[in-house]
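*Asks:* Mind having a look at this structure? Questions to follow.
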Amino acid sequence: MDLTEAVKSQAKALGFCAVGITSADPFEEAEAAAAQRTADGLMDGLNWWSEARVHASADPRRATPDARTIIALAFPYPSTRPESSKPEHFSSPARGGEQGGGANDGPRGRIASYALGRDYHEVLLERMQPLLAMLREHGYTAKTYVDHGWMLDRAAAARAGIGWLGKNTNVLIPGVGSNVLLAEIVTSTAVPATPACACVPPEPWSRPASSTIAAAFPSGPSNTAVSSHSPSGP
């Protein structure tokens, strides 16, 4: 088994639902689009975002000068919340709601599904470690990105062929949808790029069983904080 197939096989075993490979060339089209949106004020209010960050994030070789390849990964997260964590209602008399009457009435809201379990940055970084070790054992440099790094994640995923940008502005993965978390490994190895995304996903990259996803993101009040334990499951 060559290195490319070994990486894909290991990624599947680690629970990733899609993996693709592309070059480490700059994302010029995505860079121009992101810079224009920033200039138009569409990113106002995000103190951590800037035009300088756009340009830096569009160049994978900025932090890894010898980079030749990007391995784009997608990991599914639970699309529904457990019944035990669902509030009985989301309104209160104070906010004009019809339900209420309890001593604890007050503003209520929904929590995004991906935020209900462990911190996904920790989960994905742990899951990526065997892939990093594999690349480094072959003598290659490798750097991870999990959302908080300066990388245009959606552009990397789309160019690597694991999905396409949908009308909801998210990357759509065949057979999975957009309930995924994106991550990348930038490495000095040179491997063939994967083709553009097909409409029908190959069998190995169909959505994992719900038990696998739940094991990676245990939900409930006691699991909402970042944990130092490794996620269970494959």
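Scheme for the structure tokens: letters A, B, ... for chains in order shown; per-chain residue numbers from 1; ligand numbers from 1 in order shown.
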Neighbouring residues of Glu29 in chain A were defined as those with any atom within 12 Å, considering only C-alpha atoms; residues of the same chain fewer than 5 positions away were excluded. Please report them as a compact mmCIF listing (two decimals) with all heavy atoms, in the first residue's frame.
*Replies:*
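Below you can see part.txt, which holds the result:
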```
# COMPACT_ATOMS: atom_id res chain seq x y z
N ALA A 34 -12.85 36.41 -0.42
CA ALA A 34 -12.86 36.71 1.02
C ALA A 34 -12.42 38.14 1.28
O ALA A 34 -12.96 38.83 2.16
CB ALA A 34 -11.96 35.73 1.76
N ALA A 35 -11.43 38.61 0.53
CA ALA A 35 -10.97 39.99 0.70
C ALA A 35 -12.06 40.98 0.32
O ALA A 35 -12.24 42.01 0.99
CB ALA A 35 -9.71 40.22 -0.14
N GLN A 36 -12.82 40.66 -0.73
CA GLN A 36 -13.90 41.56 -1.16
C GLN A 36 -15.01 41.60 -0.11
O GLN A 36 -15.54 42.67 0.21
CB GLN A 36 -14.46 41.10 -2.50
CG GLN A 36 -15.51 42.04 -3.08
CD GLN A 36 -14.95 43.42 -3.34
OE1 GLN A 36 -13.95 43.57 -4.04
NE2 GLN A 36 -15.58 44.45 -2.77
N VAL A 54 -6.93 37.20 5.82
CA VAL A 54 -7.40 36.60 4.57
C VAL A 54 -6.21 36.21 3.69
O VAL A 54 -6.10 35.08 3.21
CB VAL A 54 -8.32 37.56 3.81
CG1 VAL A 54 -8.60 37.03 2.40
CG2 VAL A 54 -9.62 37.76 4.56
N HIS A 55 -5.32 37.17 3.47
CA HIS A 55 -4.20 36.94 2.56
C HIS A 55 -3.24 35.88 3.12
O HIS A 55 -2.71 35.05 2.37
CB HIS A 55 -3.47 38.25 2.29
CG HIS A 55 -4.32 39.28 1.61
ND1 HIS A 55 -4.97 39.04 0.41
CD2 HIS A 55 -4.66 40.55 1.97
CE1 HIS A 55 -5.67 40.10 0.05
NE2 HIS A 55 -5.49 41.04 0.97
N ALA A 58 -4.72 32.33 2.79
CA ALA A 58 -4.82 31.83 1.42
C ALA A 58 -3.52 31.19 0.93
O ALA A 58 -3.49 30.60 -0.15
CB ALA A 58 -5.22 32.96 0.48
N ASP A 59 -2.46 31.30 1.73
CA ASP A 59 -1.16 30.76 1.32
C ASP A 59 -0.72 29.66 2.29
O ASP A 59 -0.19 29.94 3.36
CB ASP A 59 -0.11 31.87 1.29
CG ASP A 59 1.24 31.37 0.79
OD1 ASP A 59 1.31 30.20 0.34
OD2 ASP A 59 2.22 32.14 0.85
N LEU A 152 -7.91 28.70 4.75
CA LEU A 152 -9.24 28.80 4.16
C LEU A 152 -9.79 27.38 4.02
O LEU A 152 -9.63 26.72 3.00
CB LEU A 152 -9.17 29.51 2.81
CG LEU A 152 -8.68 30.97 2.86
CD1 LEU A 152 -8.70 31.59 1.46
CD2 LEU A 152 -9.54 31.80 3.82
N ALA A 155 -12.17 26.32 1.09
CA ALA A 155 -11.47 26.30 -0.19
C ALA A 155 -10.60 25.06 -0.32
O ALA A 155 -10.53 24.43 -1.38
CB ALA A 155 -10.62 27.56 -0.34
N ALA A 156 -9.94 24.68 0.78
CA ALA A 156 -9.09 23.48 0.77
C ALA A 156 -9.94 22.24 0.55
O ALA A 156 -9.58 21.36 -0.25
CB ALA A 156 -8.31 23.38 2.07
N ARG A 159 -11.28 22.16 -3.17
CA ARG A 159 -10.24 21.85 -4.17
C ARG A 159 -9.71 20.43 -4.02
O ARG A 159 -9.28 19.81 -5.00
CB ARG A 159 -9.10 22.87 -4.06
CG ARG A 159 -8.19 22.84 -5.30
CD ARG A 159 -7.23 24.00 -5.30
NE ARG A 159 -6.13 23.81 -4.36
CZ ARG A 159 -5.21 24.73 -4.09
NH1 ARG A 159 -5.30 25.93 -4.68
NH2 ARG A 159 -4.23 24.49 -3.24
```
*Asks:* Quick one: pull the distance between CA of Thr169 in chain A and CA of Ala193 in chain A, Å, one decimal.
*Replies:*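 For CA of Thr169 in chain A relative to CA of Ala193 in chain A, the distance reads 23.8 Å.
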*Asks:* What does the distance from CA of Leu172 in chain A to CA of Ala18 in chain A come to in Å, to one decimal?
*Replies:*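 It comes out at 10.8 Å.
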*Asks:* Just checking: using only C-alpha atoms, which residue out of A:Val171, A:Ala67, A:Val186, A:Ala11 ends up closest to Val146 in chain A?
*Replies:* A:Val186
*Asks:* Determine the nearest neighbour of Ala63 in chain A from the options A:Ala24, A:Met128, A:Cys17, A:Ala133, counting only C-alpha atoms.
*Replies:*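 Smallest separation from Ala63 in chain A among the options: A:Ala24.
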*Asks:* Write out as a list in words each polymer residue whose atoms come within 12 Å of Glu5 in chain A, counting only C-alpha atoms; drop sequence neighbours fewer than 2 positions from it.
*Replies:*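 Residues near the query, excluding close chain neighbours: Met1, Asp2, Leu3, Val7, Lys8, Ser9, Gln10, Ala11, Lys12, Val19, Gly20, Ile21, Leu131, Met134, Val191, Pro192 and Thr194 of chain A.
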*Asks:* Go ahead and dump the residues you just picked, N, CA and C atoms, as an mmCIF file, in the first residue's frame.
*Replies:*
```
data_model
loop_
_atom_site.group_PDB
_atom_site.id
_atom_site.type_symbol
_atom_site.label_atom_id
_atom_site.label_comp_id
_atom_site.auth_asym_id
_atom_site.auth_seq_id
_atom_site.Cartn_x
_atom_site.Cartn_y
_atom_site.Cartn_z
ATOM 1 N N MET A 1 0.848 -1.194 0.000
ATOM 2 C CA MET A 1 0.000 0.000 0.000
ATOM 3 C C MET A 1 0.885 1.246 0.000
ATOM 4 N N ASP A 2 0.661 2.163 -0.976
ATOM 5 C CA ASP A 2 1.477 3.368 -1.012
ATOM 6 C C ASP A 2 1.016 4.346 0.061
ATOM 7 N N LEU A 3 1.769 5.441 0.216
ATOM 8 C CA LEU A 3 1.502 6.379 1.300
ATOM 9 C C LEU A 3 0.123 7.016 1.171
ATOM 10 N N VAL A 7 -2.695 6.727 4.061
ATOM 11 C CA VAL A 7 -3.277 7.883 4.744
ATOM 12 C C VAL A 7 -4.801 7.822 4.690
ATOM 13 N N LYS A 8 -5.349 7.504 3.521
ATOM 14 C CA LYS A 8 -6.806 7.427 3.377
ATOM 15 C C LYS A 8 -7.391 6.320 4.244
ATOM 16 N N SER A 9 -6.730 5.168 4.259
ATOM 17 C CA SER A 9 -7.211 4.048 5.057
ATOM 18 C C SER A 9 -7.172 4.379 6.547
ATOM 19 N N GLN A 10 -6.090 5.012 6.976
ATOM 20 C CA GLN A 10 -5.969 5.379 8.385
ATOM 21 C C GLN A 10 -7.002 6.435 8.763
ATOM 22 N N ALA A 11 -7.239 7.397 7.865
ATOM 23 C CA ALA A 11 -8.232 8.436 8.134
ATOM 24 C C ALA A 11 -9.615 7.824 8.321
ATOM 25 N N LYS A 12 -9.953 6.843 7.494
ATOM 26 C CA LYS A 12 -11.246 6.162 7.629
ATOM 27 C C LYS A 12 -11.334 5.458 8.978
ATOM 28 N N VAL A 19 -11.840 12.332 2.931
ATOM 29 C CA VAL A 19 -10.453 12.789 2.876
ATOM 30 C C VAL A 19 -10.112 13.053 1.423
ATOM 31 N N GLY A 20 -9.431 14.152 1.175
ATOM 32 C CA GLY A 20 -9.023 14.494 -0.179
ATOM 33 C C GLY A 20 -7.642 15.113 -0.155
ATOM 34 N N ILE A 21 -7.017 15.149 -1.306
ATOM 35 C CA ILE A 21 -5.649 15.653 -1.398
ATOM 36 C C ILE A 21 -5.568 16.688 -2.507
ATOM 37 N N LEU A 131 -2.054 10.240 11.804
ATOM 38 C CA LEU A 131 -1.727 10.647 10.439
ATOM 39 C C LEU A 131 -0.439 11.461 10.419
ATOM 40 N N MET A 134 2.463 9.077 10.862
ATOM 41 C CA MET A 134 2.738 8.324 9.642
ATOM 42 C C MET A 134 3.578 9.149 8.671
ATOM 43 N N VAL A 191 2.016 14.053 -3.297
ATOM 44 C CA VAL A 191 1.199 12.914 -3.705
ATOM 45 C C VAL A 191 0.152 13.406 -4.697
ATOM 46 N N PRO A 192 -0.351 12.535 -5.561
ATOM 47 C CA PRO A 192 -1.333 12.956 -6.566
ATOM 48 C C PRO A 192 -2.598 13.520 -5.926
ATOM 49 N N THR A 194 -6.562 14.342 -5.502
ATOM 50 C CA THR A 194 -7.787 13.595 -5.756
ATOM 51 C C THR A 194 -8.656 14.368 -6.735
#
```
*Asks:* Taking only range 1-83 of chain A into account, list the residues labelled alpha helix (DSSP H) by DSSP (computed from the backbone), as a PyMOL selection string.
*Replies:* chain A and resi 3-13+28-39+51-57
*Asks:* Can you tell me how far CA of Pro65 in chain A sits from CA of Ala190 in chain A, in Å to one decimal?
*Replies:*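 So the answer is 13.7 Å.
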